[in-house]
Amino acid sequence: MIDEVLSDVTDRMDKAVAAAKENFATVRTGRANPSLLQGVMVDYYGTPTPLPQLASVVNQDARSLLITPYDKGALRDIEQAIRDMPNLGANPSNDGQVVRVSLPELTAERRKEYVKIVKAKAEDGRVSIRSARRKAKDDLDALKSEIGEDEVSRGEKELEAITKKFIEQVDEALTNKEAELLEV
């Protein structure tokens with residue numbers, strides 16, 4: 001029973017780390033990356049639709065992205081959704097076939113702002129890991145009457161080790177993203 005609880009919490013913590021890393025990818029660094037536009041929702045015929053479902057996004061060069069819509073009628077909507085996106089600072093242009101997004105050079109202040117944003121996203125990841133730990137601890141406490149306090153205590157020690165491992169993964173990803181952001 002303890003192994004089931006620990007297996008479940010490991011899966012949830014693994015998903016929390018993956019979500020934190022995905023959130024980090026949406027923060028712009030010095031180079032263009034298609035994942036920057038992952039969360040863009042386009043108003044496509046009155047329905048909010050994720051950009052990757054409407055178009056292909058590729059790197060054109062280090063500071064620009066090329067968006068090729070599957071439906072040319074969505075060009076203006078895609079362009080507007082990118083223009084409205086906060087924290088990107090990009091000005092998309094539409095030539096009737098594709099949308100080109102040129103990303104401006106990052107200033108030192110902007111890089112520091114992005115580091116703050118990434119730190120907040122890392123804290124969200126840690127909170128979600130700690131939340132999973134709290135639920136697992138409650139589940140273990142509920143098992144005390146069935147399997148005994150010694151077994152539950154052993155399970156709690158394993159739970160703490162698992163939690164520490166996943167929080168270290170988030171911290172490592174944060175350190176890597178900070179280095180990437182501050183690299184000129």
# chains A, B, ... in the order shown; residues from 1 in each chain; ligands from 1
$ residues_around --residues "Lys112 in chain A" --least-positions-apart "5" --cutoff "9 Å" --atoms "only C-alpha atoms" --output "ChimeraX atom specification"
/A:107,117,181-182
$ write_last_selection --atoms "C-alpha atoms" --output "compact mmCIF listing (two decimals), in the first residue's frame"
# COMPACT_ATOMS: atom_id res chain seq x y z
CA THR A 107 18.04 44.53 -22.76
CA ILE A 117 9.21 35.52 -14.06
CA LEU A 181 18.44 34.19 -19.98
CA LEU A 182 21.47 36.09 -18.72
$ select_by_dssp --residues "range 6-184 of chain A" --states "helix (DSSP H, G or I)" --output "ChimeraX atom specification"
/A:6-25,34-37,51-54,72-83,108-142,144-147,149-182
$ closest_residue --among "A:Ala90, A:Ala19, A:Ile2, A:Ala173" --to "Arg63 in chain A" --atoms "only C-alpha atoms"
A:Ala90
$ residues_around --residues "Lys177 in chain A" --least-positions-apart "5" --cutoff "12 Å" --atoms "only C-alpha atoms" --output "PDB file with N, CA and C atoms, in the first residue's frame"
ATOM      1  N   ALA A  20       6.670  22.551 -15.068  1.00  0.00           N
ATOM      2  CA  ALA A  20       7.556  23.684 -14.772  1.00  0.00           C
ATOM      3  C   ALA A  20       8.517  23.916 -15.935  1.00  0.00           C
ATOM      4  N   LYS A  21       9.055  22.843 -16.485  1.00  0.00           N
ATOM      5  CA  LYS A  21       9.980  22.985 -17.620  1.00  0.00           C
ATOM      6  C   LYS A  21       9.264  23.550 -18.847  1.00  0.00           C
ATOM      7  N   GLU A  22       8.014  23.119 -19.077  1.00  0.00           N
ATOM      8  CA  GLU A  22       7.229  23.680 -20.188  1.00  0.00           C
ATOM      9  C   GLU A  22       6.995  25.164 -19.973  1.00  0.00           C
ATOM     10  N   ASN A  23       6.692  25.547 -18.729  1.00  0.00           N
ATOM     11  CA  ASN A  23       6.493  26.964 -18.418  1.00  0.00           C
ATOM     12  C   ASN A  23       7.767  27.760 -18.649  1.00  0.00           C
ATOM     13  N   PHE A  24       8.917  27.174 -18.331  1.00  0.00           N
ATOM     14  CA  PHE A  24      10.186  27.859 -18.571  1.00  0.00           C
ATOM     15  C   PHE A  24      10.389  28.102 -20.060  1.00  0.00           C
ATOM     16  N   ALA A  25       9.975  27.147 -20.879  1.00  0.00           N
ATOM     17  CA  ALA A  25      10.179  27.254 -22.328  1.00  0.00           C
ATOM     18  C   ALA A  25       9.390  28.412 -22.926  1.00  0.00           C
ATOM     19  N   THR A  26       8.312  28.837 -22.260  1.00  0.00           N
ATOM     20  CA  THR A  26       7.510  29.933 -22.812  1.00  0.00           C
ATOM     21  C   THR A  26       8.116  31.300 -22.517  1.00  0.00           C
ATOM     22  N   VAL A  27       9.165  31.335 -21.702  1.00  0.00           N
ATOM     23  CA  VAL A  27       9.833  32.600 -21.406  1.00  0.00           C
ATOM     24  C   VAL A  27      10.950  32.795 -22.416  1.00  0.00           C
ATOM     25  N   ARG A  28      10.941  33.933 -23.025  1.00  0.00           N
ATOM     26  CA  ARG A  28      11.850  34.228 -24.111  1.00  0.00           C
ATOM     27  C   ARG A  28      13.293  34.368 -23.649  1.00  0.00           C
ATOM     28  N   THR A  29      14.189  33.800 -24.412  1.00  0.00           N
ATOM     29  CA  THR A  29      15.619  33.997 -24.172  1.00  0.00           C
ATOM     30  C   THR A  29      16.172  34.818 -25.322  1.00  0.00           C
ATOM     31  N   GLY A  30      17.464  34.869 -25.471  1.00  0.00           N
ATOM     32  CA  GLY A  30      18.080  35.668 -26.523  1.00  0.00           C
ATOM     33  C   GLY A  30      17.799  35.158 -27.928  1.00  0.00           C
ATOM     34  N   ARG A 111      16.039  41.168 -19.324  1.00  0.00           N
ATOM     35  CA  ARG A 111      16.546  39.847 -18.929  1.00  0.00           C
ATOM     36  C   ARG A 111      16.297  39.611 -17.443  1.00  0.00           C
ATOM     37  N   TYR A 114      12.717  38.805 -16.859  1.00  0.00           N
ATOM     38  CA  TYR A 114      12.432  37.428 -17.250  1.00  0.00           C
ATOM     39  C   TYR A 114      12.937  36.447 -16.197  1.00  0.00           C
ATOM     40  N   VAL A 115      14.082  36.752 -15.576  1.00  0.00           N
ATOM     41  CA  VAL A 115      14.589  35.886 -14.505  1.00  0.00           C
ATOM     42  C   VAL A 115      13.583  35.851 -13.359  1.00  0.00           C
ATOM     43  N   LYS A 116      13.004  37.005 -13.025  1.00  0.00           N
ATOM     44  CA  LYS A 116      11.993  37.054 -11.960  1.00  0.00           C
ATOM     45  C   LYS A 116      10.778  36.210 -12.333  1.00  0.00           C
ATOM     46  N   ILE A 117      10.362  36.304 -13.582  1.00  0.00           N
ATOM     47  CA  ILE A 117       9.214  35.521 -14.056  1.00  0.00           C
ATOM     48  C   ILE A 117       9.514  34.027 -13.946  1.00  0.00           C
ATOM     49  N   VAL A 118      10.714  33.632 -14.360  1.00  0.00           N
ATOM     50  CA  VAL A 118      11.096  32.216 -14.311  1.00  0.00           C
ATOM     51  C   VAL A 118      11.168  31.729 -12.861  1.00  0.00           C
ATOM     52  N   LYS A 119      11.677  32.583 -11.966  1.00  0.00           N
ATOM     53  CA  LYS A 119      11.737  32.196 -10.549  1.00  0.00           C
ATOM     54  C   LYS A 119      10.327  31.972  -9.995  1.00  0.00           C
ATOM     55  N   LYS A 121       7.731  31.010 -11.758  1.00  0.00           N
ATOM     56  CA  LYS A 121       7.257  29.751 -12.344  1.00  0.00           C
ATOM     57  C   LYS A 121       7.890  28.549 -11.635  1.00  0.00           C
ATOM     58  N   ALA A 122       9.158  28.690 -11.226  1.00  0.00           N
ATOM     59  CA  ALA A 122       9.818  27.614 -10.484  1.00  0.00           C
ATOM     60  C   ALA A 122       9.151  27.429  -9.126  1.00  0.00           C
ATOM     61  N   VAL A 170      13.642  20.775 -10.287  1.00  0.00           N
ATOM     62  CA  VAL A 170      13.095  22.094 -10.627  1.00  0.00           C
ATOM     63  C   VAL A 170      14.173  23.156 -10.453  1.00  0.00           C
ATOM     64  N   ASP A 171      14.928  23.074  -9.357  1.00  0.00           N
ATOM     65  CA  ASP A 171      15.998  24.047  -9.105  1.00  0.00           C
ATOM     66  C   ASP A 171      17.072  23.990 -10.185  1.00  0.00           C
ATOM     67  N   GLU A 172      17.403  22.783 -10.632  1.00  0.00           N
ATOM     68  CA  GLU A 172      18.407  22.626 -11.687  1.00  0.00           C
ATOM     69  C   GLU A 172      17.898  23.226 -13.000  1.00  0.00           C
ATOM     70  N   LEU A 182      20.470  35.060 -18.977  1.00  0.00           N
ATOM     71  CA  LEU A 182      21.467  36.086 -18.719  1.00  0.00           C
ATOM     72  C   LEU A 182      22.640  36.049 -19.709  1.00  0.00           C
ATOM     73  N   GLU A 183      22.677  34.997 -20.534  1.00  0.00           N
ATOM     74  CA  GLU A 183      23.720  34.879 -21.545  1.00  0.00           C
ATOM     75  C   GLU A 183      23.487  35.934 -22.620  1.00  0.00           C
TER      76      GLU A 183
END
$ atom_distance --atom1 "CA of Asp138 in chain A" --atom2 "CA of Val17 in chain A"
21.5 Å
